[in-house]
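**Student:** Sending over a structure as structure tokens; questions will come in a sec.
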Amino acid sequence: FTSNKMAAAYQVSTKISNFDVLHNPSRLKVTNDSIETSSSNTTPRKGFLFAGRLTPEKGVIELIEKWPEQEPLTIAGSGVLEGKVRKLCDSRQNIKFYGTFSPHDHNFYGQFEAIVFPSSWLEGSPLVVIEAISMGVPVIATETSSATELIEQSQCGITIPQNYSTEELRRAVTKLRMNSNTYRRNGLVAGETLFSPETWIKNLESIFENVLRKK
């Protein structure tokens, strides 16, 4: 499984108790040099980003409706709700509809203070969260999704209730700004260690070795 929450849900329905969890790796290459460079980078990041499919389970409609009026938010993605999302964005001066962006343009995340991941689904190990964290960009995520596991491991972000309020979003934004340098460095370190392809390969090899020993 790619998350503990997914594994736990499967365990309930199948009664299988023995499983392994292997989070997806980041596709970014993070080094000690890039950590030092980014940690000392004083270029201000501005605004917040939702990046993902525009579908009901991703929580994008609720996010737009509850987003604080004074905070800038960019919506990036496409999907069945695009028409409704565009109309909602047009009605809010502080919310911009960006549309699709290249999944290989990792610098896109680095423009923003944080990404917001309001999914109401368990998710697996969402790449948008892993790669944002690996860029030193913190995440605000709802407690239902497995993004909370990635936040806990990296110490790069904040968890909010699934049925969050505008005030809870506002408090999360304030906390992120107060600890922005710490979150940035924590994320970069996680990208080099926890979420690196090298760590993923080692963990996968360990799973295979454990399986073979049990035969």
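The chains in the structure tokens are called A, B, ... from first to last as shown; in each chain the residues are counted from 1, and the ligands are counted from 1 in the order shown.
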Give me, as a PyMOL selection string, all polymer residues having an atom no more than 12 Å from Ala147 of chain A, counting only C-alpha atoms and skipping those fewer than 2 positions away in the same chain.

**Tutor:** chain A and resi 2-6+23-24+115-133+138-145+149-160

**Student:** Given only C-alpha atoms, how would the per-residue table for segment 56-137 of chain A near segment 169-192 of chain A read, listing every residue at most 6 Å away with its closest atom pair and distance in Å to one decimal, sorted by chain and number, as a tab-separated table?

**Tutor:**
```
residue	atom	partner	partner_atom	distance
A:Ile133	CA	A:Gly187	CA	4.7
A:Ser134	CA	A:Gly191	CA	4.0
A:Met135	CA	A:Leu188	CA	5.9
A:Gly136	CA	A:Arg184	CA	4.1
A:Val137	CA	A:Arg184	CA	5.9
```

**Student:** Quick one: residues within 7 Å of segment 97-102 of chain A, only C-alpha atoms counted, chain neighbours fewer than 6 positions away excluded, as a list of chain:residue names?

**Tutor:**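 After dropping sequence-adjacent residues, the list is A:Thr74, A:Ile75, A:Ala76, A:Gly77, A:Ser78, A:Arg86, A:Cys89.
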
**Student:** With a distance cut-off of 12 Å and only C-alpha atoms, select the neighbouring residues of Lys202 of chain A, excluding the residue or stretch itself and same-chain residues fewer than 6 positions from it, and output the selection as a ChimeraX atom specification.

**Tutor:** /A:22,25,193-196,208-209

**Student:** Calculated over only C-alpha atoms, which of the candidates A:Ala114, A:His106, A:Lys66, A:Thr148 has the smallest distance to Arg92 of chain A?

**Tutor:**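 Among the listed residues, the smallest separation from Arg92 of chain A belongs to A:Lys66.
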
**Student:** Just checking: using only C-alpha atoms, which residue out of A:Tyr10, A:Trp67, A:Tyr164, A:Phe48 ends up closest to Glu113 of chain A?

**Tutor:**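 Distance minimum relative to Glu113 of chain A lands on A:Phe48.
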
**Student:** I need the residue nearest Ser146 of chain A from this list: A:Thr166, A:Lys15, A:Ser26, A:Val21. Use only C-alpha atoms for the distance.

**Tutor:**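 Of A:Thr166, A:Lys15, A:Ser26, A:Val21, the one nearest Ser146 of chain A is A:Val21, counting only C-alpha atoms.
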
**Student:** Step one, run DSSP on the backbone; step two, keep only residues of segment 74-137 of chain A assigned to alpha helix (DSSP H); then write them as a PyMOL selection string.

**Tutor:** chain A and resi 82-90+127-134

**Student:** State, in Å with one decimal place, the distance from atom CA of Tyr109 of chain A to atom CA of Gly47 of chain A.

**Tutor:**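 Atom CA of Tyr109 of chain A sits 10.8 Å away from atom CA of Gly47 of chain A.
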
**Student:** Please report the interatomic distance between atom CA of Leu54 of chain A and atom CA of Gln162 of chain A in Å with one decimal.

**Tutor:**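 A separation of 17.7 Å between them.
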
**Student:** Using only C-alpha atoms for the distances, tell me which of A:Glu62, A:Asn107, A:Ile201, A:Phe1 is nearest to Asn18 of chain A.

**Tutor:**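 Comparing A:Glu62, A:Asn107, A:Ile201, A:Phe1 against Asn18 of chain A, the winner is A:Phe1.
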